[in-house]
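**Q** Pasting in a structure now, in structure tokens, and then I'll have a few things to ask.
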Amino acid sequence: MKYFIQTYGCQMNERDSETIAGILEEEMGYQAASGPEEADLIVVNTCCVRESAENRIYGSIGQLKRYKYKNPNLLIAVCGCMAQEKETPEKIRKRVPHVDLVFGTHNLHQLPELVRRAQESGEMVVDVWESAGEVREHLPARRGQKFKAWVNITFGCNNFCSYCIVPYVRGRERSRRPEEIVREVDELARDGCKEVTLLGQNVNSYGSDLEEGVDFAELLRRLDKVEGIQRIRFMTSHPRDFTTEMVQVIADSEKVCEHFHLPLQAGSNSVLRRMNRGYTRERYLKLVDEIRRLIPSASITTDLIVGFPGETEKDFEDTLDMVRRVEFDNAFTFIYSPRLGTAAARMPDQVPEPVKKERLERLMTVQYPVARRKNEALVGATVSILGEGKSKTNAQVQMGRTRTNKIVLFESSKDLTGRFGKVRIEEAKTWTLTGRLVD
Ligand code: SAH
Ligand code: SF4
Ligand code: F3S
């Protein structure tokens, strides 16, 4: 029996898909299929953070129906964040009734039983838990690569930013015990892993639900000592909860990379307040100053939303102003998408779609040249990269990342995947650097 997993959304979902693959292989004897046409079980791991993501997923689940004609025993399962939304099972029945199984983000570990139920039942099986139980350790995982790995440190989110659906579909914040995280990173290192990325919706609040008294700063201190690991990354940071001590620990550490993905979301204090972000633009700027003072080589990237309810032209200009002041290394820019059940979806003064689109354009026009300029400053420099394999668009070209998370493209007859190299940068674009491997 073979399985194929389609994953949408963030690294949390990527990591969950590794667990799903692990369970299917180790507990059920499935093997990975090279494509959906070869599979006996297709799992679609979904995201619902914006409406556009959801629409794309329904389209793609629709496409899967044809594989059932060729393989009548094919099972199609839908899981992940979208599955946690109350209206989803009904929507699936209406729009894509060829789905056999729907399960949520809290009951991955039940997969063997769920698949068996779906095989035996003639009808769609729906099993979605409303809330998460305790953190489950020791689930199997089939990881994407050997040399780098994602490591959950918290699950869920308690922040309830007013636009965001994540707390509703991922449940309350739960931290993994520090010993478990250190053990996992240590095992990964013994297995040849060189880079770990610590995952949480707000890594800076790590440990607040634990009795151990271990916070994110202390966790980083402990992980920095794990032998064999050479790079430690973390995401996502929350500007409200990023303490000076945390910045200092990163500055002092050997392995923690000097890249901060620090979502600003909006530059206007009134929008930030209504977003329930818990910081002001002044506090954000102070944090950026602190980071740059203690770690001058740090890169800072961000997420920005345009068209939040009630966002005026003046509010939007405050976002542009912040983008100019901070000079982000890069930014992911989003059009606000109302999500059912969130506070912002019920707010008055929703911004018309054409205005949102126009603001997104203007935002990119300001931010992209900044990103390019920042990258151009690296032309002529020699940077250390960890090779990640062939570039997605050109098989002749390999891709690697700097500690600051910049993507570097280079050519080499040697395969640098999972190995460190030195690249002299020759050309800079908005999202990538190109160079020559010198060592
Ligand atoms: N926990 C992380 C990331 C959450 S989702 C954080 O707090 O930053 C990733 C990004 O999607 C967010 O940073 C935000 O910019 C964007 N996003 C979330 N909900 C959105 C919505 N309803 N509309 C548009 N963008 C949204
Ligand atoms: Fe969503 Fe805010 Fe939690 Fe991030 S911190 S997942 S934006 S509620
Ligand atoms: Fe999407 Fe869920 Fe991540 S909604 S962004 S996959 S936590």
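Note on naming: chains are A, B, ... as they come in the structure tokens, residues start from 1 per chain, ligands start from 1 in the order shown.
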Would you list the residues that come within 7 Å of ligand 1? Count only C-alpha atoms and all ligand atoms and give the answer as a list in words.
**A**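 The residues within 7 Å of ligand 1, counting only C-alpha atoms and all ligand atoms, are Val49, Arg50, Tyr163, Cys164, Ile165, Val166, Gln201, Asn202, Thr236, Ser237, His238, Pro263, Gln265, Asp303, Leu304, Ile305, Phe334, Ile335, Tyr336, Ser337, Pro338 and Arg339 of chain A.
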**Q** Within 8 Å of ligand 3, counting only C-alpha atoms and all ligand atoms, which protein or nucleic acid residues do you find, written as a list of chain:residue names?
**A**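 Every residue with an atom at most 8 Å from ligand 3 is listed here: A:Tyr8, A:Gly9, A:Cys10, A:Gln11, A:Met12, A:Asn13, A:Thr46, A:Cys47, A:Cys48, A:Val49, A:Arg50, A:Gly80, A:Cys81, A:Met82, A:Gly156, A:Ile165, A:Val166, A:Val169, A:Arg170, A:Gln201.
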**Q** Could you write out that same residue set with C-alpha atoms as a PDB file, in the first residue's frame?
**A**
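Written out: result_19.pdb:
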```pdb
ATOM      1  CA  TYR A   8      -0.502  23.346   2.403  1.00  0.00           C
ATOM      2  CA  GLY A   9       0.256  26.144   4.835  1.00  0.00           C
ATOM      3  CA  CYS A  10       3.048  26.758   7.285  1.00  0.00           C
ATOM      4  CA  GLN A  11       5.919  24.754   8.757  1.00  0.00           C
ATOM      5  CA  MET A  12       3.594  23.420  11.470  1.00  0.00           C
ATOM      6  CA  ASN A  13       1.723  21.593   8.766  1.00  0.00           C
ATOM      7  CA  THR A  46      -4.834  21.811   4.773  1.00  0.00           C
ATOM      8  CA  CYS A  47      -4.436  25.475   5.759  1.00  0.00           C
ATOM      9  CA  CYS A  48      -7.210  28.006   6.313  1.00  0.00           C
ATOM     10  CA  VAL A  49      -5.309  31.129   7.315  1.00  0.00           C
ATOM     11  CA  ARG A  50      -6.654  33.024   4.287  1.00  0.00           C
ATOM     12  CA  GLY A  80      -5.157  19.924   9.116  1.00  0.00           C
ATOM     13  CA  CYS A  81      -6.397  23.358  10.038  1.00  0.00           C
ATOM     14  CA  MET A  82      -9.285  23.600   7.562  1.00  0.00           C
ATOM     15  CA  GLY A 156      -1.363  26.078  19.381  1.00  0.00           C
ATOM     16  CA  ILE A 165      -8.012  31.767  12.819  1.00  0.00           C
ATOM     17  CA  VAL A 166      -5.000  29.809  14.062  1.00  0.00           C
ATOM     18  CA  VAL A 169      -7.982  25.528  14.680  1.00  0.00           C
ATOM     19  CA  ARG A 170      -4.790  24.765  16.625  1.00  0.00           C
ATOM     20  CA  GLN A 201       3.233  30.319  16.688  1.00  0.00           C
TER      21      GLN A 201
END
```
**Q** In range 279-402 of chain A, what's strand (DSSP E) per DSSP? Answer as a PyMOL selection string?
**A** chain A and resi 299-306+330-335+382-390+398-401
**Q** Those same residues - C-alpha atoms - I'd like them written as a tab-separated table (two decimals), in the first residue's frame.
**A**
```
chain	number	residue	atom	x	y	z
A	299	SER	CA	18.61	40.02	9.27
A	300	ILE	CA	15.04	40.97	10.06
A	301	THR	CA	12.08	39.81	8.02
A	302	THR	CA	8.41	40.40	8.62
A	303	ASP	CA	4.77	39.73	7.75
A	304	LEU	CA	2.48	42.61	6.82
A	305	ILE	CA	-1.28	42.74	6.33
A	306	VAL	CA	-2.99	45.46	4.31
A	330	ASN	CA	12.30	40.89	3.29
A	331	ALA	CA	8.58	40.89	3.94
A	332	PHE	CA	5.66	38.59	3.25
A	333	THR	CA	2.74	40.81	2.37
A	334	PHE	CA	-0.88	39.75	2.65
A	335	ILE	CA	-4.29	41.14	1.84
A	382	THR	CA	31.90	35.66	0.88
A	383	VAL	CA	29.14	33.98	2.84
A	384	SER	CA	28.86	30.61	4.53
A	385	ILE	CA	25.95	28.50	3.32
A	386	LEU	CA	24.40	25.16	4.16
A	387	GLY	CA	23.49	23.46	0.89
A	388	GLU	CA	19.85	22.39	0.56
A	389	GLY	CA	19.90	20.71	-2.85
A	390	LYS	CA	18.95	21.61	-6.39
A	398	GLN	CA	22.13	24.40	-6.27
A	399	MET	CA	20.57	26.29	-3.42
A	400	GLY	CA	21.84	27.07	0.05
A	401	ARG	CA	21.05	29.40	2.91
```
**Q** Write out as a count of residues only the residues lying within 9 Å of range 280-284 of chain A, counting only C-alpha atoms and excluding same-chain residues fewer than 3 positions away.
**A** 15
**Q** Identify which of the residues A:Glu173, A:Glu90, A:Asp349, A:Glu195 lies closest to ligand 2, counting only C-alpha atoms and all ligand atoms when measuring atom-to-atom distances.
**A**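 Using only C-alpha atoms and all ligand atoms, ligand 2 sits closest to A:Glu173.
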**Q** If we count only C-alpha atoms, what is near Cys257 in chain A at a cut-off of 6 Å, once residues fewer than 4 positions away on the same chain are taken out, given as a list in words?
**A**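 Residues near the query, excluding close chain neighbours: Ile232, Arg233 and Arg403 of chain A.
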**Q** Can you work out which one of A:Arg95, A:Lys86, A:Arg142, A:Arg172 has the shortest atom-to-atom distance to ligand 2, counting only C-alpha atoms and all ligand atoms?
**A**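 With only C-alpha atoms and all ligand atoms as the atom set, the closest residue is A:Arg172.
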**Q** Select, from A:Lys91, A:Arg176, A:Arg221, A:His261, the residue with the minimum atom-to-atom distance to ligand 2, counting only C-alpha atoms and all ligand atoms.
**A**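 For ligand 2, the nearest of the candidates is A:His261.
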**Q** Using only C-alpha atoms and all ligand atoms, pick whichever of A:Cys157, A:Ser413, A:Lys65, A:Pro89 has the shortest atom-to-atom distance to ligand 2.
**A**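 For ligand 2, the nearest of the given residues is A:Cys157.
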**Q** Which of these, A:Arg222, A:Pro354, A:Glu376, A:Leu199, has the shortest distance to ligand 2 once you count only C-alpha atoms and all ligand atoms?
**A** A:Leu199
**Q** Using only C-alpha atoms, determine which residues lie at most 6 Å from Glu426 in chain A, disregarding the query and same-chain residues fewer than 2 positions distant; provide the list as JSON, numbers by chain.
**A** {"A": [379, 434, 435]}
**Q** Would you output that residue set with N, CA and C atoms, as a PDB file, in the first residue's frame?
**A**
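Contents of the output file out.pdb:
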```
ATOM      1  N   VAL A 379      26.965  41.902  -2.350  1.00  0.00           N
ATOM      2  CA  VAL A 379      27.742  41.556  -3.546  1.00  0.00           C
ATOM      3  C   VAL A 379      29.227  41.796  -3.261  1.00  0.00           C
ATOM      4  N   THR A 434      23.065  35.267  -5.992  1.00  0.00           N
ATOM      5  CA  THR A 434      23.738  34.286  -6.831  1.00  0.00           C
ATOM      6  C   THR A 434      25.237  34.467  -6.669  1.00  0.00           C
ATOM      7  N   GLY A 435      25.971  33.359  -6.646  1.00  0.00           N
ATOM      8  CA  GLY A 435      27.410  33.501  -6.452  1.00  0.00           C
ATOM      9  C   GLY A 435      28.196  32.299  -6.922  1.00  0.00           C
TER      10      GLY A 435
END
```
**Q** One decimal, Å: what's the distance from CA of Val99 in chain A over to CA of Gly144 in chain A, could you say?
**A**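 Rounded to one decimal, the two atoms are 26.0 Å apart.
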**Q** Which residues are close to Ala141 in chain A, i.e. within 6 Å by only C-alpha atoms, leaving aside same-chain residues fewer than 6 positions away? Reply as a PDB file with C-alpha atoms, in the first residue's frame.
**A**
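Okay, this is what ended up in result_4.pdb:
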```pdb
ATOM      1  CA  GLU A  18       6.157  14.195   8.641  1.00  0.00           C
ATOM      2  CA  THR A  19       4.352  12.671  11.613  1.00  0.00           C
ATOM      3  CA  GLY A  22       5.889   8.309  10.030  1.00  0.00           C
TER       4      GLY A  22
END
```
